[in-house]
Amino acid sequence: MEVAGTEDGVTAFRYTHSYSYLEVQQQYVDCIESHNPNILAQLVGKHPFHVDALLALSDIYQQMNELNTSQELVERCLYSLECAWHPWFAPGTATSRLPYKFEENQPFYQCMFKHIKSLGRRGCHRSALECCKLLLSLDPNDPMGVLCCIDYYAIMSEQYGLVTRLVNEFSDGSRSLALQPGFAFALALSRFRQEEESKGGGSGRDRRGKGPAESSDSSMSGADRESSTTALRA
């Protein structure tokens, strides 16, 4: 990775490929043109940290419904990309950019988006939300379209204030998130949940977490509960 430029205190970075990596990249292109997944798997066996090959093989395993193996390849790809970071690259400070317009940077976005979808499938909504925020901070133009799903992860992780912030910060004369169906619903729902929390106290999940069994038990009288317990013992 190298510095691509600095403007207004924000530094842009781009990945660079060594000569040996470019040689493997040409082998990867030959594997893709062969349309033979076995050859691609052999290439990954010889070069286990080649980014494009890992992403392509991950797609193949996902189509085979081997989701665990697919996610392992994505995580290995993320590890490979992270090892190449520049010492000045600090994605958590909002002063580093990784422009999508550079072709070498695009696999990072593809890999992160696959990771976000995997986190969502496993119910890790807060982690998926933080990954979406990371992609937006690295390129506010949103090349992967994470604004189409970040509202869902914000609601599921009960980060209701973030929905309002996103609507305010990503709305200008040319676009308005509040006009998108997903955000229009998420904005209304988040305000409703915030009002619930301000009235009742505690998180919405605590109040809504009572299951059917608990609800039915609370509505039964003492005699009914005693008779049902006797019947169960009998």
# chains A, B, ... in the order shown; residues from 1 in each chain; ligands from 1

call {"tool": "residues_around", "arguments": {"residues": "Tyr21 in chain A", "least_positions_apart": "6", "cutoff": "12 Å", "atoms": "only C-alpha atoms", "output": "ChimeraX atom specification"}}
result
/A:15,27-28,47,49-53,104

call {"tool": "residues_around", "arguments": {"residues": "Leu78 in chain A", "least_positions_apart": "3", "cutoff": "10 Å", "atoms": "only C-alpha atoms", "output": "PyMOL selection string"}}
result
chain A and resi 49+51+54+72-75+81-83+107-108+111-112+115

call {"tool": "closest_residue", "arguments": {"among": "A:Leu43, A:Val163, A:Leu138, A:Cys132", "to": "Pro99 in chain A", "atoms": "only C-alpha atoms"}}
result
A:Leu138

call {"tool": "atom_distance", "arguments": {"atom1": "CA of Gln26 in chain A", "atom2": "CA of Thr69 in chain A"}}
result
24.9 Å

call {"tool": "closest_residue", "arguments": {"among": "A:Gly123, A:Gln62, A:Val44, A:Glu196", "to": "Cys31 in chain A", "atoms": "only C-alpha atoms"}}
result
A:Val44

call {"tool": "closest_residue", "arguments": {"among": "A:Arg122, A:Arg97, A:Arg165, A:Arg193", "to": "Val10 in chain A", "atoms": "only C-alpha atoms"}}
result
A:Arg97

call {"tool": "atom_distance", "arguments": {"atom1": "CA of Ser157 in chain A", "atom2": "CA of Ser127 in chain A"}}
result
9.0 Å

call {"tool": "residues_around", "arguments": {"residues": "range 153-155 of chain A", "least_positions_apart": "5", "cutoff": "8 Å", "atoms": "only C-alpha atoms", "output": "number ranges by chain"}}
result
A: 120, 125-126, 128-129, 160, 162-163, 186, 190

call {"tool": "write_last_selection", "arguments": {"atoms": "N, CA, C and O atoms", "output": "mmCIF file, in the first residue's frame"}}
result
data_model
loop_
_atom_site.group_PDB
_atom_site.id
_atom_site.type_symbol
_atom_site.label_atom_id
_atom_site.label_comp_id
_atom_site.auth_asym_id
_atom_site.auth_seq_id
_atom_site.Cartn_x
_atom_site.Cartn_y
_atom_site.Cartn_z
ATOM 1 N N GLY A 120 -24.256 -10.776 8.923
ATOM 2 C CA GLY A 120 -25.706 -10.662 9.018
ATOM 3 C C GLY A 120 -26.385 -12.017 9.091
ATOM 4 O O GLY A 120 -27.354 -12.193 9.844
ATOM 5 N N HIS A 125 -25.361 -8.499 14.077
ATOM 6 C CA HIS A 125 -25.813 -7.272 13.435
ATOM 7 C C HIS A 125 -24.960 -6.066 13.810
ATOM 8 O O HIS A 125 -24.706 -5.201 12.971
ATOM 9 N N ARG A 126 -24.496 -5.985 15.052
ATOM 10 C CA ARG A 126 -23.677 -4.840 15.450
ATOM 11 C C ARG A 126 -22.330 -4.864 14.726
ATOM 12 O O ARG A 126 -21.828 -3.816 14.298
ATOM 13 N N ALA A 128 -21.779 -6.234 11.790
ATOM 14 C CA ALA A 128 -22.063 -5.869 10.405
ATOM 15 C C ALA A 128 -22.256 -4.371 10.260
ATOM 16 O O ALA A 128 -21.812 -3.760 9.279
ATOM 17 N N LEU A 129 -22.903 -3.757 11.257
ATOM 18 C CA LEU A 129 -23.106 -2.311 11.233
ATOM 19 C C LEU A 129 -21.776 -1.567 11.270
ATOM 20 O O LEU A 129 -21.563 -0.611 10.507
ATOM 21 N N TYR A 160 -30.592 3.397 17.206
ATOM 22 C CA TYR A 160 -31.629 4.199 16.570
ATOM 23 C C TYR A 160 -31.143 5.609 16.222
ATOM 24 O O TYR A 160 -31.535 6.170 15.200
ATOM 25 N N LEU A 162 -28.319 6.459 15.148
ATOM 26 C CA LEU A 162 -27.495 6.439 13.943
ATOM 27 C C LEU A 162 -28.340 6.627 12.689
ATOM 28 O O LEU A 162 -27.885 7.242 11.716
ATOM 29 N N VAL A 163 -29.553 6.098 12.687
ATOM 30 C CA VAL A 163 -30.422 6.249 11.516
ATOM 31 C C VAL A 163 -30.689 7.724 11.240
ATOM 32 O O VAL A 163 -30.602 8.195 10.099
ATOM 33 N N ALA A 186 -37.215 2.876 8.400
ATOM 34 C CA ALA A 186 -36.279 2.784 9.522
ATOM 35 C C ALA A 186 -36.299 4.052 10.360
ATOM 36 O O ALA A 186 -36.186 3.993 11.596
ATOM 37 N N SER A 190 -37.241 3.942 14.185
ATOM 38 C CA SER A 190 -36.246 4.347 15.175
ATOM 39 C C SER A 190 -36.799 5.427 16.100
ATOM 40 O O SER A 190 -36.566 5.398 17.314
#

call {"tool": "residues_around", "arguments": {"residues": "Ser176 in chain A", "least_positions_apart": "5", "cutoff": "8 Å", "atoms": "only C-alpha atoms", "output": "ChimeraX atom specification"}}
result
/A:167,170-171

call {"tool": "write_last_selection", "arguments": {"atoms": "C-alpha atoms", "output": "PDB file, in the first residue's frame"}}
result
ATOM      1  CA  VAL A 167     -30.373  10.782   7.119  1.00  0.00           C
ATOM      2  CA  PHE A 170     -26.148  11.917   3.619  1.00  0.00           C
ATOM      3  CA  SER A 171     -28.930  14.195   2.453  1.00  0.00           C
TER       4      SER A 171
END

call {"tool": "select_by_dssp", "arguments": {"residues": "range 28-230 of chain A", "states": "helix (DSSP H, G or I)", "output": "ChimeraX atom specification"}}
result
/A:28-34,37-46,51-63,67-83,91-93,103-121,125-138,146-148,150-156,160-169,177-179,181-200,204-208,212-219,222-230

call {"tool": "residues_around", "arguments": {"residues": "Thr16 in chain A", "least_positions_apart": "6", "cutoff": "12 Å", "atoms": "only C-alpha atoms", "output": "ChimeraX atom specification"}}
result
/A:1-4,22,81,84-86,102-106

call {"tool": "write_last_selection", "arguments": {"atoms": "N, CA and C atoms", "output": "short mmCIF file (atom, residue, chain, number, x, y, z; two decimals), in the first residue's frame"}}
result
data_model
loop_
_atom_site.label_atom_id
_atom_site.label_comp_id
_atom_site.auth_asym_id
_atom_site.auth_seq_id
_atom_site.Cartn_x
_atom_site.Cartn_y
_atom_site.Cartn_z
N MET A 1 0.84 -1.19 0.00
CA MET A 1 0.00 0.00 0.00
C MET A 1 0.88 1.24 0.00
N GLU A 2 0.45 2.25 -0.70
CA GLU A 2 1.20 3.50 -0.78
C GLU A 2 0.23 4.68 -0.67
N VAL A 3 0.81 5.85 -0.37
CA VAL A 3 0.02 7.06 -0.27
C VAL A 3 -0.29 7.57 -1.67
N ALA A 4 -1.58 7.80 -1.95
CA ALA A 4 -2.00 8.27 -3.27
C ALA A 4 -2.18 9.77 -3.31
N LEU A 22 1.95 -9.93 -9.62
CA LEU A 22 1.38 -9.78 -10.96
C LEU A 22 1.52 -11.06 -11.77
N LEU A 81 -5.16 -8.73 3.08
CA LEU A 81 -5.26 -7.30 2.77
C LEU A 81 -4.80 -6.44 3.94
N ALA A 84 -1.04 -5.87 4.34
CA ALA A 84 -0.42 -4.96 3.38
C ALA A 84 -0.67 -3.50 3.70
N TRP A 85 -1.31 -3.20 4.82
CA TRP A 85 -1.64 -1.81 5.15
C TRP A 85 -0.38 -0.98 5.36
N HIS A 86 -0.49 0.26 4.95
CA HIS A 86 0.58 1.25 5.17
C HIS A 86 0.62 1.62 6.65
N PHE A 102 -9.51 3.30 -7.70
CA PHE A 102 -8.29 2.56 -7.99
C PHE A 102 -8.62 1.07 -8.06
N GLU A 103 -8.25 0.45 -9.14
CA GLU A 103 -8.61 -0.97 -9.35
C GLU A 103 -8.02 -1.86 -8.27
N GLU A 104 -6.84 -1.52 -7.77
CA GLU A 104 -6.20 -2.36 -6.75
C GLU A 104 -6.96 -2.33 -5.42
N ASN A 105 -7.76 -1.27 -5.20
CA ASN A 105 -8.52 -1.17 -3.95
C ASN A 105 -9.85 -1.91 -3.99
N GLN A 106 -10.33 -2.23 -5.15
CA GLN A 106 -11.67 -2.80 -5.27
C GLN A 106 -11.84 -4.16 -4.58
#

call {"tool": "closest_residue", "arguments": {"among": "A:Thr93, A:Thr164, A:Gln25, A:Ser18", "to": "Ala188 in chain A", "atoms": "only C-alpha atoms"}}
result
A:Thr164
